[in-house]
file target.txt (compact mmCIF, C-alpha atoms and all ligand atoms)
# COMPACT_ATOMS: atom_id res chain seq x y z
CA MET A 33 101.12 91.78 152.60
CA PHE A 34 103.23 92.97 149.63
CA ALA A 35 101.60 90.61 147.16
CA ALA A 36 97.93 90.88 148.02
CA GLU A 37 97.10 94.20 149.63
CA VAL A 38 96.53 97.57 148.04
CA VAL A 39 98.36 100.11 150.19
CA SER A 40 96.17 103.09 150.91
CA LEU A 41 97.99 106.41 150.49
CA SER A 42 95.17 108.73 149.52
CA GLY A 43 94.55 110.04 153.04
CA LEU A 44 98.26 110.70 153.58
CA GLU A 45 100.42 113.75 152.93
CA PRO A 46 103.70 112.96 151.18
CA LEU A 47 106.78 113.36 153.38
CA ALA A 48 108.64 114.87 150.43
CA THR A 49 108.06 115.59 146.78
CA GLY A 50 110.67 115.51 144.05
CA ARG A 51 110.37 116.58 140.46
CA VAL A 52 108.53 113.43 139.39
CA ARG A 53 107.66 111.44 142.48
CA SER A 54 105.89 111.86 145.77
CA VAL A 55 107.45 110.12 148.74
CA TYR A 56 105.15 108.61 151.40
CA ALA A 57 105.75 106.81 154.67
CA PHE A 58 104.93 103.13 154.13
CA PRO A 59 101.94 102.52 156.46
CA GLY A 60 102.92 100.00 159.15
CA GLN A 61 106.53 99.76 157.88
CA PRO A 62 108.52 102.47 159.66
CA ASP A 63 111.79 101.58 157.88
CA LEU A 64 110.31 101.94 154.41
CA LEU A 65 109.02 104.63 152.08
CA ILE A 66 106.83 104.38 149.01
CA LYS A 67 107.58 106.46 145.93
CA VAL A 68 104.70 107.10 143.54
CA ALA A 69 104.87 108.97 140.26
CA THR A 70 103.29 112.38 140.82
CA LEU A 71 101.62 112.09 137.42
CA GLN A 72 99.34 109.54 139.00
CA ASN A 73 98.20 112.23 141.37
CA PRO A 74 94.87 113.37 139.88
CA GLN A 75 95.29 116.86 141.36
CA HIS A 76 98.44 117.50 139.34
CA ASP A 77 98.21 119.68 136.21
CA TYR A 78 100.34 118.72 133.19
CA SER A 79 100.82 120.42 129.81
CA LEU A 80 99.01 119.03 126.77
CA GLY A 81 102.34 117.96 125.18
CA LYS A 82 103.38 116.02 128.25
CA ARG A 83 99.98 114.37 128.54
CA LEU A 84 100.13 113.38 124.85
CA VAL A 85 103.58 111.75 125.20
CA ARG A 86 102.37 109.93 128.31
CA HIS A 87 99.25 108.81 126.43
CA LEU A 88 101.20 107.51 123.40
CA PHE A 89 104.06 105.96 125.42
CA PRO A 90 102.56 105.21 128.84
CA ASP A 91 105.60 103.22 130.02
CA THR A 92 108.05 106.14 129.74
CA ILE A 93 106.89 107.32 133.15
CA HIS A 94 108.45 104.21 134.72
CA ARG A 95 111.72 104.24 132.77
CA ASN A 96 113.88 106.09 135.30
CA THR A 97 112.50 103.95 138.11
CA LEU A 98 113.27 100.75 136.18
CA LYS A 99 116.84 101.88 135.50
CA GLU A 100 117.24 102.81 139.15
CA ILE A 101 116.05 99.38 140.33
CA GLU A 102 118.36 97.66 137.85
CA CYS A 103 121.35 99.73 138.99
CA GLU A 104 120.60 99.16 142.69
CA LEU A 105 120.24 95.40 142.16
CA MET A 106 123.51 95.28 140.23
CA ALA A 107 125.32 97.20 142.99
CA ALA A 108 123.90 94.80 145.62
CA LEU A 109 125.01 91.79 143.56
CA LYS A 110 128.51 93.23 143.19
CA LEU A 111 128.68 93.96 146.93
CA GLY A 112 127.72 90.41 147.89
CA GLU A 113 128.55 90.10 151.59
CA ASP A 114 128.85 93.86 152.02
CA ILE A 115 125.33 94.85 150.95
CA PRO A 116 124.97 96.94 154.15
CA GLY A 117 127.82 99.05 152.75
CA SER A 118 125.83 99.99 149.63
CA PRO A 119 125.83 103.72 148.92
CA LEU A 120 122.35 103.39 147.34
CA ALA A 121 119.08 103.34 149.29
CA ARG A 122 117.82 99.76 148.95
CA CYS A 123 114.85 99.06 146.74
CA LEU A 124 112.45 96.41 148.02
CA GLY A 125 110.22 96.07 144.97
CA VAL A 126 106.96 97.37 143.57
CA VAL A 127 103.74 97.50 145.57
CA GLN A 128 100.20 98.31 144.53
CA THR A 129 98.84 101.51 146.04
CA ASP A 130 95.62 103.42 145.53
CA ARG A 131 97.77 106.03 143.76
CA GLY A 132 99.12 103.50 141.27
CA PRO A 133 102.24 101.33 141.46
CA GLY A 134 104.70 102.45 144.12
CA VAL A 135 108.32 101.55 144.68
CA ALA A 136 109.08 100.44 148.23
CA VAL A 137 112.49 101.76 149.29
CA GLU A 138 114.61 101.83 152.40
CA ARG A 139 113.92 104.96 154.43
CA ILE A 140 117.11 106.84 155.22
CA SER A 141 116.53 108.80 158.42
CA GLY A 142 118.53 111.52 160.13
CA PRO A 143 119.38 111.65 163.85
CA ASP A 144 115.97 113.24 164.68
CA GLY A 145 114.05 110.41 162.97
CA ASN A 146 112.92 112.63 160.11
CA LEU A 147 114.01 112.00 156.52
CA ALA A 148 117.76 112.44 156.32
CA PRO A 149 118.88 115.91 155.21
CA HIS A 150 120.37 116.18 151.75
CA LEU A 151 123.85 117.47 151.08
CA GLN A 152 122.61 120.96 150.27
CA GLN A 153 120.71 121.26 153.59
CA LEU A 154 123.69 119.85 155.47
CA ARG A 155 126.04 122.38 153.95
CA LYS A 156 123.63 125.27 154.59
CA SER A 157 123.12 124.29 158.24
CA GLY A 158 126.89 124.20 158.85
CA GLY A 159 126.82 120.47 159.52
CA MET A 160 129.97 119.68 157.53
CA ASN A 161 133.04 118.89 159.61
CA ASP A 162 136.10 116.68 159.02
CA ALA A 163 134.30 113.47 160.07
CA VAL A 164 131.29 114.18 157.84
CA LEU A 165 133.62 115.10 154.98
CA GLU A 166 135.38 111.77 155.38
CA ASP A 167 131.97 110.02 155.20
CA LEU A 168 131.27 111.96 152.00
CA ASN A 169 134.58 110.81 150.54
CA VAL A 170 133.90 107.18 151.47
CA PHE A 171 130.56 107.55 149.66
CA ALA A 172 132.20 109.11 146.57
CA ARG A 173 134.81 106.33 146.36
CA LYS A 174 132.05 103.71 146.47
CA LEU A 175 130.37 105.32 143.43
CA PHE A 176 133.60 104.76 141.48
CA ASP A 177 134.30 101.29 142.88
CA LEU A 178 130.78 100.07 142.07
CA GLN A 179 130.68 101.92 138.75
CA ILE A 180 127.38 103.60 139.58
CA VAL A 181 126.07 105.36 136.47
CA ALA A 182 125.09 108.94 137.29
CA ARG A 183 121.96 109.91 135.40
CA ASP A 184 121.04 112.92 137.51
CA ILE A 185 123.20 112.95 140.62
CA HIS A 186 123.00 116.30 142.38
CA ASN A 187 123.15 117.57 145.94
CA LYS A 188 119.44 116.97 146.66
CA ASN A 189 119.74 113.30 145.71
CA ILE A 190 122.53 112.64 148.22
CA VAL A 191 121.36 112.38 151.83
CA TYR A 192 123.26 111.97 155.10
CA GLY A 193 121.60 109.52 157.47
CA HIS A 194 122.21 106.14 158.97
CA ARG A 195 121.76 102.46 158.22
CA GLY A 196 121.86 100.03 161.14
CA GLY A 197 123.37 102.73 163.37
CA VAL A 198 126.18 103.53 160.93
CA LYS A 199 126.24 107.10 159.63
CA ALA A 200 126.77 107.46 155.91
CA PHE A 201 125.82 109.31 152.76
CA PHE A 202 123.34 107.61 150.44
CA LEU A 203 122.22 108.22 146.91
CA ILE A 204 118.42 108.14 146.85
CA ASP A 205 117.71 109.06 143.22
CA GLY A 206 119.37 109.91 139.91
CA TYR A 207 121.31 106.75 139.07
CA GLY A 208 121.04 104.06 136.39
CA GLU A 209 121.96 104.33 132.74
CA ARG A 210 119.16 105.47 130.41
CA ASN A 211 121.11 105.52 127.14
CA VAL A 212 119.90 103.05 124.50
CA VAL A 213 123.53 102.01 123.97
CA PRO A 214 124.73 101.69 127.58
CA LEU A 215 128.18 103.18 126.94
CA ARG A 216 128.85 104.25 130.51
CA SER A 217 127.93 100.81 131.86
CA LEU A 218 130.31 99.26 129.35
CA SER A 219 133.23 101.63 129.73
CA ARG A 220 134.73 102.33 133.12
CA SER A 221 136.73 105.28 131.83
CA LEU A 222 133.65 106.92 130.30
CA ASN A 223 131.72 106.41 133.50
CA ASP A 224 134.60 107.70 135.65
CA ARG A 225 134.72 110.84 133.53
CA SER A 226 130.99 111.38 133.96
CA LEU A 227 131.19 110.80 137.73
CA HIS A 228 134.09 113.28 138.05
CA LYS A 229 132.04 115.87 136.16
CA ARG A 230 128.97 115.36 138.37
CA LEU A 231 130.91 115.43 141.61
CA ASP A 232 132.80 118.53 140.52
CA LEU A 233 129.46 120.26 139.83
CA ILE A 234 128.18 119.20 143.24
CA ALA A 235 131.37 120.58 144.84
CA GLN A 236 130.87 123.93 143.12
CA LYS A 237 127.27 124.16 144.33
CA THR A 238 128.09 123.21 147.91
CA ARG A 239 131.27 125.25 148.39
CA LEU A 240 133.52 122.20 148.35
CA VAL A 241 136.42 121.31 146.06
CA TRP A 242 136.51 118.06 144.08
CA HIS A 243 139.97 116.58 143.49
CA SER A 244 139.69 114.15 140.59
CA ASP A 245 143.29 112.91 141.05
CA ARG A 246 142.48 111.43 144.46
CA CYS A 247 138.68 111.08 144.16
CA ALA A 248 138.01 113.25 147.18
CA PHE A 249 136.26 116.43 148.27
CA SER A 250 137.90 119.02 150.49
CA LEU A 251 136.50 122.06 152.27
CA ARG A 252 136.96 125.34 150.43
N1 LIG A 301 115.14 106.57 150.49
C1 LIG A 301 114.99 107.81 150.96
N2 LIG A 301 115.30 108.09 152.25
C2 LIG A 301 115.15 109.36 152.72
N3 LIG A 301 114.67 110.39 152.00
C3 LIG A 301 114.34 110.17 150.72
C4 LIG A 301 114.48 108.87 150.13
N4 LIG A 301 114.06 108.94 148.85
C5 LIG A 301 113.68 110.21 148.65
N5 LIG A 301 113.83 110.96 149.75
C6 LIG A 301 113.50 112.40 149.90
O1 LIG A 301 112.46 112.71 149.00
C7 LIG A 301 112.88 113.69 148.03
C8 LIG A 301 112.26 113.37 146.67
O2 LIG A 301 112.54 112.01 146.31
P1 LIG A 301 113.17 111.63 144.89
O3 LIG A 301 113.31 110.17 144.82
O4 LIG A 301 114.42 112.44 144.68
O5 LIG A 301 112.03 112.14 143.90
P2 LIG A 301 112.16 112.55 142.36
O6 LIG A 301 112.48 111.29 141.61
O7 LIG A 301 110.83 113.12 142.00
O8 LIG A 301 113.28 113.58 142.27
C9 LIG A 301 114.41 113.63 148.04
O9 LIG A 301 115.01 114.85 147.66
C10 LIG A 301 114.69 113.27 149.50
O10 LIG A 301 114.69 114.44 150.31
MG MG A 302 115.19 113.58 143.15
call {"tool": "encode", "arguments": {"input": "target.txt", "output": "structure tokens", "more": "lines below"}}
Ligand SMILES: Nc1ncnc2c1ncn2[C@@H]1O[C@H](COP(=O)(O)OP(=O)(O)O)[C@@H](O)[C@H]1O
Ligand SMILES: [Mg+2]
result
Amino acid sequence: MFAAEVVSLSGLEPLATGRVRSVYAFPGQPDLLIKVATLQNPQHDYSLGKRLVRHLFPDTIHRNTLKEIECELMAALKLGEDIPGSPLARCLGVVQTDRGPGVAVERISGPDGNLAPHLQQLRKSGGMNDAVLEDLNVFARKLFDLQIVARDIHNKNIVYGHRGGVKAFFLIDGYGERNVVPLRSLSRSLNDRSLHKRLDLIAQKTRLVWHSDRCAFSLR
């Protein structure tokens, strides 16, 4: 079905909306989601400047998505036999929808079957305990081990759900190097520094403490 069919989304409400994309359930594929650029939503209002840039450079809208796919593929290749241990939601490719091209991604669900809560919601709801904190630290260590480049990692892009019955944190957005000269992909120490900075910021916003010496969060 991926190759030939146009997936109809226009009658559906998005399950979630980020800053640039709307997230839909993939019809008939309960384990997948489809992300479509919100700009392709005809009801959305954009400034003249933004519309002009989009008009002159129409591909810029897909740049983050492309970088994300590249980064996810690279992480999967590095993981080899341990792909199920990837800290990134899997990307299954691009599908045609009646709202433009959509990226099919693995749906990360929470215990109630809804989309998994993000770190901010988890912290607010009091869901952080020692076991969950350990899962968060396993996740953080994987970002360093796999040299994931943080473009825009923040607490709404990290969700706590499960894959194949195993609970874990997953990054669902905000990764992949966008710089023309990919310095952070080339230099582990530069990328480590950037990851420490991001994770420290996340700790401050979620009342945790980030310890860069041992790559771990602790409760405040
Ligand atoms: N793979 C996923 N599994 C579960 N929830 C997701 C997934 N991808 C996105 N979401 C939810 O949708 C929201 C918006 O998606 P996101 O990819 O962050 O959009 P944007 O690129 O516009 O920021 C996220 O904050 C998250 O709550
Ligand atoms: Mg996002």
call {"tool": "atom_distance", "arguments": {"input": "target.txt", "atom1": "CA of Ser221 in chain A", "atom2": "CA of Ile180 in chain A"}}
result
12.3 Å
call {"tool": "residues_near_ligand", "arguments": {"input": "target.txt", "ligand": "ligand LIG 301 (chain A)", "cutoff": "10 Å", "atoms": "all atoms listed in the file", "output": "PyMOL selection string"}}
result
chain A and resi 46-57+63-70+96-97+120-123+135-142+146-151+153+184-194+202-206
call {"tool": "closest_residue", "arguments": {"input": "target.txt", "among": "A:Arg220, A:Arg252, A:Arg246, A:Arg230", "to": "Leu178 in chain A", "atoms": "only C-alpha atoms"}}
result
A:Arg220
call {"tool": "atom_distance", "arguments": {"input": "target.txt", "atom1": "CA of Cys247 in chain A", "atom2": "CA of Ala200 in chain A"}}
result
17.1 Å
call {"tool": "closest_residue", "arguments": {"input": "target.txt", "among": "A:Ile115, A:Ile93, A:Leu227, A:Met106", "to": "Arg183 in chain A", "atoms": "only C-alpha atoms"}}
result
A:Leu227
call {"tool": "closest_residue", "arguments": {"input": "target.txt", "among": "A:His94, A:Arg131, A:Lys99, A:Arg86", "to": "Glu209 in chain A", "atoms": "only C-alpha atoms"}}
result
A:Lys99
call {"tool": "closest_residue", "arguments": {"input": "target.txt", "among": "A:Tyr207, A:Gly112, A:Val181, A:Leu98", "to": "ligand MG 302 (chain A)", "atoms": "all atoms listed in the file"}}
result
A:Tyr207
call {"tool": "atom_distance", "arguments": {"input": "target.txt", "atom1": "CA of Phe201 in chain A", "atom2": "CA of Pro119 in chain A"}}
result
6.8 Å
call {"tool": "closest_residue", "arguments": {"input": "target.txt", "among": "A:Ala182, A:Leu124, A:Leu154, A:Leu215", "to": "Arg239 in chain A", "atoms": "all atoms listed in the file"}}
result
A:Leu154
call {"tool": "residues_around", "arguments": {"input": "target.txt", "residues": "Asp232 in chain A", "least_positions_apart": "2", "cutoff": "10 Å", "atoms": "all atoms listed in the file", "output": "list in words"}}
result
Ser226, Leu227, His228, Lys229, Arg230, Ile234, Ala235, Gln236, Lys237, Thr238, Leu240, Val241, Trp242, His243, Ser244, Ala248 and Phe249 of chain A
call {"tool": "closest_residue", "arguments": {"input": "target.txt", "among": "A:Glu100, A:Arg216, A:Ala163, A:Phe176", "to": "ligand MG 302 (chain A)", "atoms": "only C-alpha atoms and all ligand atoms"}}
result
A:Glu100
call {"tool": "residues_around", "arguments": {"input": "target.txt", "residues": "Asp177 in chain A", "least_positions_apart": "2", "cutoff": "10 Å", "atoms": "all atoms listed in the file", "output": "MDAnalysis selection string"}}
result
chainID A and resid 107 110 171:175 179:180 220 224
call {"tool": "write_last_selection", "arguments": {"input": "target.txt", "atoms": "C-alpha atoms", "output": "PDB file, in the coordinates of the input"}}
result
ATOM      1  CA  ALA A 107     125.320  97.200 142.990  1.00  0.00           C
ATOM      2  CA  LYS A 110     128.510  93.230 143.190  1.00  0.00           C
ATOM      3  CA  PHE A 171     130.560 107.550 149.660  1.00  0.00           C
ATOM      4  CA  ALA A 172     132.200 109.110 146.570  1.00  0.00           C
ATOM      5  CA  ARG A 173     134.810 106.330 146.360  1.00  0.00           C
ATOM      6  CA  LYS A 174     132.050 103.710 146.470  1.00  0.00           C
ATOM      7  CA  LEU A 175     130.370 105.320 143.430  1.00  0.00           C
ATOM      8  CA  GLN A 179     130.680 101.920 138.750  1.00  0.00           C
ATOM      9  CA  ILE A 180     127.380 103.600 139.580  1.00  0.00           C
ATOM     10  CA  ARG A 220     134.730 102.330 133.120  1.00  0.00           C
ATOM     11  CA  ASP A 224     134.600 107.700 135.650  1.00  0.00           C
TER      12      ASP A 224
END
